[in-house]
Structure formats: structure tokens, C-alpha cells
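Visitor: First the structure, which I've put down as C-alpha cells, then a few questions once you've had a look.
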Amino acid sequence: MSNGQHLIVLSGPAGSGKDTVVQYLVEHHPEVEVSVSMTTRDKRPGEREGVNYYYISTEEFERRIAAGEALEYTNYCGNYYGTPKSEVDSRIEKGINVILIIEVEGAANIKRLYPDAKLVFVRPPSFEELEKRLRGRKTESEEKIRERLARALEEMEYACDYDYVIIKDKVEQCAEELYQIICEPK
Ligand code: 5GP
């Protein structure tokens, strides 16, 4: 089994802008691919099946866990999220760089499975900025926003366990920083 030199795990609190950074990165460096996770949360406006996530029921998610189809999974703010093995295995065999955008627990599990995976944490410039972004999205209820803000605070504590920490200020700059990390030999 590969040790995961081609795996890049990106974490950061919800609203940190990590998805925008990755979108910019793959547009400019199409040789880097993104793993699409499965989730039981509802689709947000503008999100697409098979692009942002595979949206499945709780029963189906649990069936996939039992069938050993999840590389890792977690429960985040009341919903399951997991990385399908099929998104990762064939790519690392072919030596394709693949990015997993997952939360801190999943990141630690990947590091245990693949010690050479590069763990990158994206920090928002400030907590106020993060709150502004989460509220500006207008997709979650006040209760969900508060839950996500509390989780974000907890997650920031984990930044020190990561191999790299980047600050999300300007998208292009952050994406290029991430690309340099991907290109660095391990
Ligand atoms: P959101 O609902 O905002 O899309 O995602 C909530 C959190 O779940 C984010 O921190 C996101 O990175 C994380 N997440 C997305 N997919 C996965 C996954 O497959 N595994 C784990 N462990 N976390 C995930």
C-alpha cells in the first residue's frame, strides 16, 4: 500500500473558504484532483450531486460503512460525512495527487492510514471574518450557524497537529501556496 505521498488533506472550519481555494487550484492546475465525499446533509442551493458531494440517506450511508466502502467517516453537526474508498484508491495507485477536504477527525484518521499524507490547515484571517462568511451564506438556520461557530472554535485548536497551516486571505495566493505544498517532495 502507498504511504500516501499523493494525498493532501485540507481542513479548516466551515466558512474558512477552503472550498473556494481548492476550486481555484484545480482550475489552474487540473492535474490535481478532488475527492468527492458522501454525506447525509441536505443539498444547498447551487450544489451538485457528484460534484460537491454524493447526497445519500442515513440508511445508505450506514450500509456503505458496513460494506467497508468508507475510507473514513464522521458525524459533523448531526450529519454523516465520509470519503468513499473509490475516490482515493485508484488515484493513488496511478500517482495522481488527490485532495480530501475533510474535518479534523477525518484528517487524523487519514494520517493513521497514510503516514505520508500532507495535512494542511486553512485558517480564516480572524474569527469575526469567519462569522461574517457563515452568516453571509444565508443557507443555515441561526441554530446551525451557532453550532458551526462553536465547532469552528474547537477545530482551530487542531491547527498545531497539521504539517502546514495557511491563512486564507486572498484566494489566488492561498491556492498557490497550497500548490507549492503539493509539489514539494515528501
Ligand atoms: P459542509 O456541510 O460545510 O459542506 O461540511 C462540513 C464539514 O464536513 C467540513 O469541515 C468539511 O470539510 C467536512 N467534510 C466534508 N466531507 C467530509 C468527509 O468525507 N469526511 C470528513 N471527515 N469530513 C468531511
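Please note that chains go A, B, ... in the order of the C-alpha cells, that every chain numbers its residues from 1, and that ligands are numbered from 1 in the order shown.
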As a PyMOL selection string, please: every protein or nucleic acid residue near ligand 1 (cut-off 9 Å, counting only C-alpha atoms and all ligand atoms).
Guide: chain A and resi 10-15+18-19+35-39+41-44+52-53+70-77+79-84+100-109+148+152+155
Visitor: Measuring atom to atom with only C-alpha atoms, identify which of A:Asp116, A:Glu176, A:Glu142, A:Asp169 is nearest to Gln5 in chain A.
Guide: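 Residue with the minimum atom-to-atom distance to Gln5 in chain A: A:Asp116.
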Visitor: Name the residues of range 50-105 of chain A that fall into strand (DSSP E or B) according to DSSP on the backbone, using the chain letters and numbers of this document, as a PDB file with all heavy atoms, in the first residue's frame.
Guide:
```pdb
ATOM      1  N   TYR A  53     -20.865  16.835  -3.464  1.00  0.00           N
ATOM      2  CA  TYR A  53     -20.996  15.624  -2.632  1.00  0.00           C
ATOM      3  C   TYR A  53     -21.809  14.592  -3.393  1.00  0.00           C
ATOM      4  O   TYR A  53     -22.492  14.915  -4.364  1.00  0.00           O
ATOM      5  CB  TYR A  53     -21.780  15.930  -1.339  1.00  0.00           C
ATOM      6  CG  TYR A  53     -21.024  16.690  -0.281  1.00  0.00           C
ATOM      7  CD1 TYR A  53     -21.287  18.039  -0.054  1.00  0.00           C
ATOM      8  CD2 TYR A  53     -20.075  16.064   0.529  1.00  0.00           C
ATOM      9  CE1 TYR A  53     -20.610  18.755   0.936  1.00  0.00           C
ATOM     10  CE2 TYR A  53     -19.403  16.768   1.525  1.00  0.00           C
ATOM     11  CZ  TYR A  53     -19.669  18.102   1.721  1.00  0.00           C
ATOM     12  OH  TYR A  53     -18.997  18.807   2.692  1.00  0.00           O
ATOM     13  N   TYR A  54     -21.806  13.360  -2.864  1.00  0.00           N
ATOM     14  CA  TYR A  54     -22.819  12.364  -3.202  1.00  0.00           C
ATOM     15  C   TYR A  54     -23.804  12.431  -2.043  1.00  0.00           C
ATOM     16  O   TYR A  54     -23.421  12.184  -0.896  1.00  0.00           O
ATOM     17  CB  TYR A  54     -22.215  10.963  -3.306  1.00  0.00           C
ATOM     18  CG  TYR A  54     -21.163  10.864  -4.387  1.00  0.00           C
ATOM     19  CD1 TYR A  54     -19.808  10.798  -4.073  1.00  0.00           C
ATOM     20  CD2 TYR A  54     -21.539  10.847  -5.734  1.00  0.00           C
ATOM     21  CE1 TYR A  54     -18.842  10.728  -5.067  1.00  0.00           C
ATOM     22  CE2 TYR A  54     -20.575  10.768  -6.733  1.00  0.00           C
ATOM     23  CZ  TYR A  54     -19.232  10.721  -6.391  1.00  0.00           C
ATOM     24  OH  TYR A  54     -18.279  10.655  -7.370  1.00  0.00           O
ATOM     25  N   TYR A  55     -25.030  12.834  -2.311  1.00  0.00           N
ATOM     26  CA  TYR A  55     -26.033  13.014  -1.255  1.00  0.00           C
ATOM     27  C   TYR A  55     -26.802  11.704  -1.087  1.00  0.00           C
ATOM     28  O   TYR A  55     -27.484  11.269  -2.030  1.00  0.00           O
ATOM     29  CB  TYR A  55     -26.978  14.161  -1.624  1.00  0.00           C
ATOM     30  CG  TYR A  55     -26.236  15.461  -1.830  1.00  0.00           C
ATOM     31  CD1 TYR A  55     -25.719  15.799  -3.080  1.00  0.00           C
ATOM     32  CD2 TYR A  55     -26.013  16.330  -0.765  1.00  0.00           C
ATOM     33  CE1 TYR A  55     -25.000  16.975  -3.271  1.00  0.00           C
ATOM     34  CE2 TYR A  55     -25.304  17.508  -0.950  1.00  0.00           C
ATOM     35  CZ  TYR A  55     -24.799  17.814  -2.203  1.00  0.00           C
ATOM     36  OH  TYR A  55     -24.081  18.973  -2.398  1.00  0.00           O
ATOM     37  N   ALA A  70     -16.216   3.011   3.085  1.00  0.00           N
ATOM     38  CA  ALA A  70     -15.743   4.338   3.511  1.00  0.00           C
ATOM     39  C   ALA A  70     -14.303   4.243   4.001  1.00  0.00           C
ATOM     40  O   ALA A  70     -13.968   3.384   4.808  1.00  0.00           O
ATOM     41  CB  ALA A  70     -16.629   4.878   4.624  1.00  0.00           C
ATOM     42  N   LEU A  71     -13.455   5.116   3.484  1.00  0.00           N
ATOM     43  CA  LEU A  71     -12.060   5.146   3.931  1.00  0.00           C
ATOM     44  C   LEU A  71     -12.009   5.724   5.342  1.00  0.00           C
ATOM     45  O   LEU A  71     -11.250   5.288   6.194  1.00  0.00           O
ATOM     46  CB  LEU A  71     -11.281   6.033   2.954  1.00  0.00           C
ATOM     47  CG  LEU A  71      -9.774   6.079   3.050  1.00  0.00           C
ATOM     48  CD1 LEU A  71      -9.178   4.679   2.938  1.00  0.00           C
ATOM     49  CD2 LEU A  71      -9.206   6.970   1.936  1.00  0.00           C
ATOM     50  N   GLU A  72     -12.829   6.729   5.578  1.00  0.00           N
ATOM     51  CA  GLU A  72     -13.012   7.325   6.902  1.00  0.00           C
ATOM     52  C   GLU A  72     -14.371   7.996   6.870  1.00  0.00           C
ATOM     53  O   GLU A  72     -14.892   8.290   5.800  1.00  0.00           O
ATOM     54  CB  GLU A  72     -11.898   8.340   7.230  1.00  0.00           C
ATOM     55  CG  GLU A  72     -11.794   9.535   6.293  1.00  0.00           C
ATOM     56  CD  GLU A  72     -12.858  10.591   6.485  1.00  0.00           C
ATOM     57  OE1 GLU A  72     -13.259  10.834   7.621  1.00  0.00           O
ATOM     58  OE2 GLU A  72     -13.331  11.154   5.480  1.00  0.00           O
ATOM     59  N   TYR A  73     -14.940   8.236   8.058  1.00  0.00           N
ATOM     60  CA  TYR A  73     -16.205   8.974   8.109  1.00  0.00           C
ATOM     61  C   TYR A  73     -16.356   9.579   9.484  1.00  0.00           C
ATOM     62  O   TYR A  73     -15.658   9.208  10.428  1.00  0.00           O
ATOM     63  CB  TYR A  73     -17.402   8.067   7.774  1.00  0.00           C
ATOM     64  CG  TYR A  73     -17.665   7.015   8.821  1.00  0.00           C
ATOM     65  CD1 TYR A  73     -18.574   7.244   9.847  1.00  0.00           C
ATOM     66  CD2 TYR A  73     -16.986   5.812   8.798  1.00  0.00           C
ATOM     67  CE1 TYR A  73     -18.803   6.284  10.824  1.00  0.00           C
ATOM     68  CE2 TYR A  73     -17.207   4.851   9.769  1.00  0.00           C
ATOM     69  CZ  TYR A  73     -18.117   5.088  10.777  1.00  0.00           C
ATOM     70  OH  TYR A  73     -18.326   4.155  11.751  1.00  0.00           O
ATOM     71  N   THR A  74     -17.264  10.541   9.587  1.00  0.00           N
ATOM     72  CA  THR A  74     -17.520  11.170  10.877  1.00  0.00           C
ATOM     73  C   THR A  74     -18.947  11.673  10.918  1.00  0.00           C
ATOM     74  O   THR A  74     -19.639  11.687   9.895  1.00  0.00           O
ATOM     75  CB  THR A  74     -16.531  12.340  11.105  1.00  0.00           C
ATOM     76  OG1 THR A  74     -16.567  12.733  12.469  1.00  0.00           O
ATOM     77  CG2 THR A  74     -16.869  13.554  10.250  1.00  0.00           C
ATOM     78  N   ASN A  75     -19.348  12.105  12.112  1.00  0.00           N
ATOM     79  CA  ASN A  75     -20.636  12.772  12.245  1.00  0.00           C
ATOM     80  C   ASN A  75     -20.328  14.229  12.571  1.00  0.00           C
ATOM     81  O   ASN A  75     -19.675  14.510  13.570  1.00  0.00           O
ATOM     82  CB  ASN A  75     -21.436  12.117  13.372  1.00  0.00           C
ATOM     83  CG  ASN A  75     -22.872  12.587  13.340  1.00  0.00           C
ATOM     84  OD1 ASN A  75     -23.142  13.792  13.359  1.00  0.00           O
ATOM     85  ND2 ASN A  75     -23.786  11.660  13.278  1.00  0.00           N
ATOM     86  N   TYR A  76     -20.753  15.117  11.713  1.00  0.00           N
ATOM     87  CA  TYR A  76     -20.447  16.539  11.883  1.00  0.00           C
ATOM     88  C   TYR A  76     -21.757  17.287  11.987  1.00  0.00           C
ATOM     89  O   TYR A  76     -22.563  17.268  11.052  1.00  0.00           O
ATOM     90  CB  TYR A  76     -19.625  17.026  10.679  1.00  0.00           C
ATOM     91  CG  TYR A  76     -19.174  18.467  10.743  1.00  0.00           C
ATOM     92  CD1 TYR A  76     -17.904  18.797  11.187  1.00  0.00           C
ATOM     93  CD2 TYR A  76     -20.023  19.499  10.344  1.00  0.00           C
ATOM     94  CE1 TYR A  76     -17.483  20.116  11.240  1.00  0.00           C
ATOM     95  CE2 TYR A  76     -19.608  20.825  10.391  1.00  0.00           C
ATOM     96  CZ  TYR A  76     -18.346  21.122  10.836  1.00  0.00           C
ATOM     97  OH  TYR A  76     -17.939  22.429  10.880  1.00  0.00           O
ATOM     98  N   ASN A  79     -24.847  15.266  10.911  1.00  0.00           N
ATOM     99  CA  ASN A  79     -24.890  14.525   9.654  1.00  0.00           C
ATOM    100  C   ASN A  79     -23.630  13.704   9.445  1.00  0.00           C
ATOM    101  O   ASN A  79     -22.559  14.081   9.922  1.00  0.00           O
ATOM    102  CB  ASN A  79     -25.033  15.483   8.465  1.00  0.00           C
ATOM    103  CG  ASN A  79     -26.451  15.978   8.311  1.00  0.00           C
ATOM    104  OD1 ASN A  79     -27.379  15.209   8.078  1.00  0.00           O
ATOM    105  ND2 ASN A  79     -26.637  17.272   8.476  1.00  0.00           N
ATOM    106  N   TYR A  80     -23.787  12.610   8.730  1.00  0.00           N
ATOM    107  CA  TYR A  80     -22.622  11.804   8.359  1.00  0.00           C
ATOM    108  C   TYR A  80     -21.906  12.426   7.167  1.00  0.00           C
ATOM    109  O   TYR A  80     -22.559  12.926   6.239  1.00  0.00           O
ATOM    110  CB  TYR A  80     -23.068  10.422   7.892  1.00  0.00           C
ATOM    111  CG  TYR A  80     -23.348   9.389   8.934  1.00  0.00           C
ATOM    112  CD1 TYR A  80     -24.553   8.678   8.903  1.00  0.00           C
ATOM    113  CD2 TYR A  80     -22.411   9.058   9.904  1.00  0.00           C
ATOM    114  CE1 TYR A  80     -24.826   7.680   9.830  1.00  0.00           C
ATOM    115  CE2 TYR A  80     -22.677   8.063  10.829  1.00  0.00           C
ATOM    116  CZ  TYR A  80     -23.882   7.381  10.791  1.00  0.00           C
ATOM    117  OH  TYR A  80     -24.144   6.391  11.692  1.00  0.00           O
ATOM    118  N   TYR A  81     -20.576  12.338   7.197  1.00  0.00           N
ATOM    119  CA  TYR A  81     -19.740  12.725   6.054  1.00  0.00           C
ATOM    120  C   TYR A  81     -18.654  11.650   5.946  1.00  0.00           C
ATOM    121  O   TYR A  81     -18.096  11.245   6.968  1.00  0.00           O
ATOM    122  CB  TYR A  81     -19.012  14.049   6.300  1.00  0.00           C
ATOM    123  CG  TYR A  81     -19.886  15.272   6.376  1.00  0.00           C
ATOM    124  CD1 TYR A  81     -20.564  15.591   7.552  1.00  0.00           C
ATOM    125  CD2 TYR A  81     -20.008  16.124   5.281  1.00  0.00           C
ATOM    126  CE1 TYR A  81     -21.355  16.727   7.631  1.00  0.00           C
ATOM    127  CE2 TYR A  81     -20.802  17.269   5.354  1.00  0.00           C
ATOM    128  CZ  TYR A  81     -21.468  17.562   6.524  1.00  0.00           C
ATOM    129  OH  TYR A  81     -22.257  18.682   6.597  1.00  0.00           O
ATOM    130  N   GLY A  82     -18.328  11.227   4.731  1.00  0.00           N
ATOM    131  CA  GLY A  82     -17.279  10.216   4.620  1.00  0.00           C
ATOM    132  C   GLY A  82     -16.611  10.224   3.261  1.00  0.00           C
ATOM    133  O   GLY A  82     -17.179  10.682   2.262  1.00  0.00           O
ATOM    134  N   THR A  83     -15.391   9.693   3.235  1.00  0.00           N
ATOM    135  CA  THR A  83     -14.628   9.597   1.993  1.00  0.00           C
ATOM    136  C   THR A  83     -14.821   8.205   1.401  1.00  0.00           C
ATOM    137  O   THR A  83     -14.433   7.218   2.025  1.00  0.00           O
ATOM    138  CB  THR A  83     -13.119   9.794   2.281  1.00  0.00           C
ATOM    139  OG1 THR A  83     -12.938  11.008   3.002  1.00  0.00           O
ATOM    140  CG2 THR A  83     -12.299   9.805   0.998  1.00  0.00           C
ATOM    141  N   PRO A  84     -15.415   8.109   0.207  1.00  0.00           N
ATOM    142  CA  PRO A  84     -15.532   6.785  -0.410  1.00  0.00           C
ATOM    143  C   PRO A  84     -14.139   6.269  -0.798  1.00  0.00           C
ATOM    144  O   PRO A  84     -13.332   7.023  -1.346  1.00  0.00           O
ATOM    145  CB  PRO A  84     -16.359   7.053  -1.681  1.00  0.00           C
ATOM    146  CG  PRO A  84     -16.982   8.398  -1.490  1.00  0.00           C
ATOM    147  CD  PRO A  84     -16.044   9.170  -0.608  1.00  0.00           C
ATOM    148  N   VAL A  98      -4.345  13.779  -5.027  1.00  0.00           N
ATOM    149  CA  VAL A  98      -5.774  13.918  -4.719  1.00  0.00           C
ATOM    150  C   VAL A  98      -5.964  14.655  -3.386  1.00  0.00           C
ATOM    151  O   VAL A  98      -5.285  14.371  -2.408  1.00  0.00           O
ATOM    152  CB  VAL A  98      -6.507  12.546  -4.790  1.00  0.00           C
ATOM    153  CG1 VAL A  98      -5.845  11.495  -3.954  1.00  0.00           C
ATOM    154  CG2 VAL A  98      -7.970  12.664  -4.394  1.00  0.00           C
ATOM    155  N   ILE A  99      -6.883  15.635  -3.434  1.00  0.00           N
ATOM    156  CA  ILE A  99      -7.157  16.451  -2.239  1.00  0.00           C
ATOM    157  C   ILE A  99      -8.442  15.983  -1.563  1.00  0.00           C
ATOM    158  O   ILE A  99      -9.473  15.820  -2.216  1.00  0.00           O
ATOM    159  CB  ILE A  99      -7.353  17.948  -2.598  1.00  0.00           C
ATOM    160  CG1 ILE A  99      -6.142  18.485  -3.325  1.00  0.00           C
ATOM    161  CG2 ILE A  99      -7.652  18.782  -1.358  1.00  0.00           C
ATOM    162  CD1 ILE A  99      -6.164  19.988  -3.485  1.00  0.00           C
ATOM    163  N   LEU A 100      -8.361  15.809  -0.270  1.00  0.00           N
ATOM    164  CA  LEU A 100      -9.541  15.485   0.539  1.00  0.00           C
ATOM    165  C   LEU A 100      -9.866  16.718   1.372  1.00  0.00           C
ATOM    166  O   LEU A 100      -9.005  17.190   2.128  1.00  0.00           O
ATOM    167  CB  LEU A 100      -9.222  14.339   1.502  1.00  0.00           C
ATOM    168  CG  LEU A 100      -9.378  12.898   1.039  1.00  0.00           C
ATOM    169  CD1 LEU A 100      -8.618  12.615  -0.229  1.00  0.00           C
ATOM    170  CD2 LEU A 100      -8.933  11.944   2.139  1.00  0.00           C
ATOM    171  N   ILE A 101     -11.086  17.245   1.229  1.00  0.00           N
ATOM    172  CA  ILE A 101     -11.463  18.418   2.039  1.00  0.00           C
ATOM    173  C   ILE A 101     -12.330  17.882   3.175  1.00  0.00           C
ATOM    174  O   ILE A 101     -13.540  17.662   2.998  1.00  0.00           O
ATOM    175  CB  ILE A 101     -12.238  19.461   1.202  1.00  0.00           C
ATOM    176  CG1 ILE A 101     -11.535  19.715  -0.123  1.00  0.00           C
ATOM    177  CG2 ILE A 101     -12.408  20.751   1.983  1.00  0.00           C
ATOM    178  CD1 ILE A 101     -12.324  20.595  -1.085  1.00  0.00           C
TER     179      ILE A 101
END
```
Visitor: Rank A:Val171, A:Ala67, A:Leu25, A:Ile182 by their smallest atom-to-atom distance to Gly4 in chain A, using only C-alpha atoms, and report the top residue only.
Guide: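 Ranked by minimum distance to Gly4 in chain A, first place goes to A:Ile182.
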Visitor: So which bits of range 2-184 of chain A end up alpha helix (DSSP H) when you DSSP the backbone, as a ChimeraX atom specification?
Guide: /A:18-28,58-66,85-94,104-113,127-136,142-156,171-183
Visitor: With a distance cut-off of 8 Å and only C-alpha atoms, select the neighbouring residues of Leu130 in chain A, excluding the residue or stretch itself and same-chain residues fewer than 4 positions from it, and output the selection as a short mmCIF file (atom, residue, chain, number, x, y, z; two decimals) with all heavy atoms, in the first residue's frame.
Guide:
```
data_model
loop_
_atom_site.label_atom_id
_atom_site.label_comp_id
_atom_site.auth_asym_id
_atom_site.auth_seq_id
_atom_site.Cartn_x
_atom_site.Cartn_y
_atom_site.Cartn_z
N GLY A 15 -16.72 27.74 6.51
CA GLY A 15 -16.70 29.18 6.30
C GLY A 15 -15.28 29.73 6.18
O GLY A 15 -15.07 30.92 5.97
N SER A 16 -14.26 28.86 6.27
CA SER A 16 -12.88 29.35 6.17
C SER A 16 -12.50 29.64 4.71
O SER A 16 -11.47 30.25 4.44
CB SER A 16 -11.89 28.34 6.77
OG SER A 16 -12.00 27.11 6.08
N PRO A 124 -9.03 31.00 8.80
CA PRO A 124 -9.57 32.28 8.31
C PRO A 124 -8.72 33.41 8.90
O PRO A 124 -8.07 33.19 9.94
CB PRO A 124 -10.98 32.30 8.90
CG PRO A 124 -10.92 31.39 10.09
CD PRO A 124 -9.83 30.39 9.85
N PRO A 125 -8.69 34.60 8.30
CA PRO A 125 -7.87 35.69 8.84
C PRO A 125 -8.26 36.03 10.28
O PRO A 125 -7.42 36.39 11.09
CB PRO A 125 -8.14 36.87 7.91
CG PRO A 125 -8.90 36.35 6.76
CD PRO A 125 -9.40 34.99 7.08
N SER A 126 -9.56 35.90 10.62
CA SER A 126 -9.99 36.16 12.00
C SER A 126 -11.31 35.43 12.25
O SER A 126 -12.00 35.04 11.30
CB SER A 126 -10.21 37.65 12.23
OG SER A 126 -11.33 38.07 11.47
N LEU A 134 -20.00 32.87 7.37
CA LEU A 134 -21.03 31.86 7.66
C LEU A 134 -22.42 32.49 7.61
O LEU A 134 -23.36 31.90 7.07
CB LEU A 134 -20.80 31.26 9.04
CG LEU A 134 -19.95 30.00 9.11
CD1 LEU A 134 -19.87 29.49 10.54
CD2 LEU A 134 -20.54 28.90 8.24
#
```
Visitor: Which of these residues is nearest to Thr139 in chain A, using only C-alpha atoms: A:Pro45, A:Gln23, A:Ser57, A:Lys168?
Guide: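 That would be A:Pro45, the residue with the smallest distance to Thr139 in chain A.
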Visitor: Can you tell me how far CA of Glu69 in chain A sits from CA of Arg112 in chain A, in Å to one decimal?
Guide: 17.5 Å
Visitor: Looking at only C-alpha atoms, which of A:Arg137, A:Lys144, A:Arg123, A:Arg64 is the one that sits closest to Gly46 in chain A?
Guide: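 The closest residue to Gly46 in chain A is A:Arg137.
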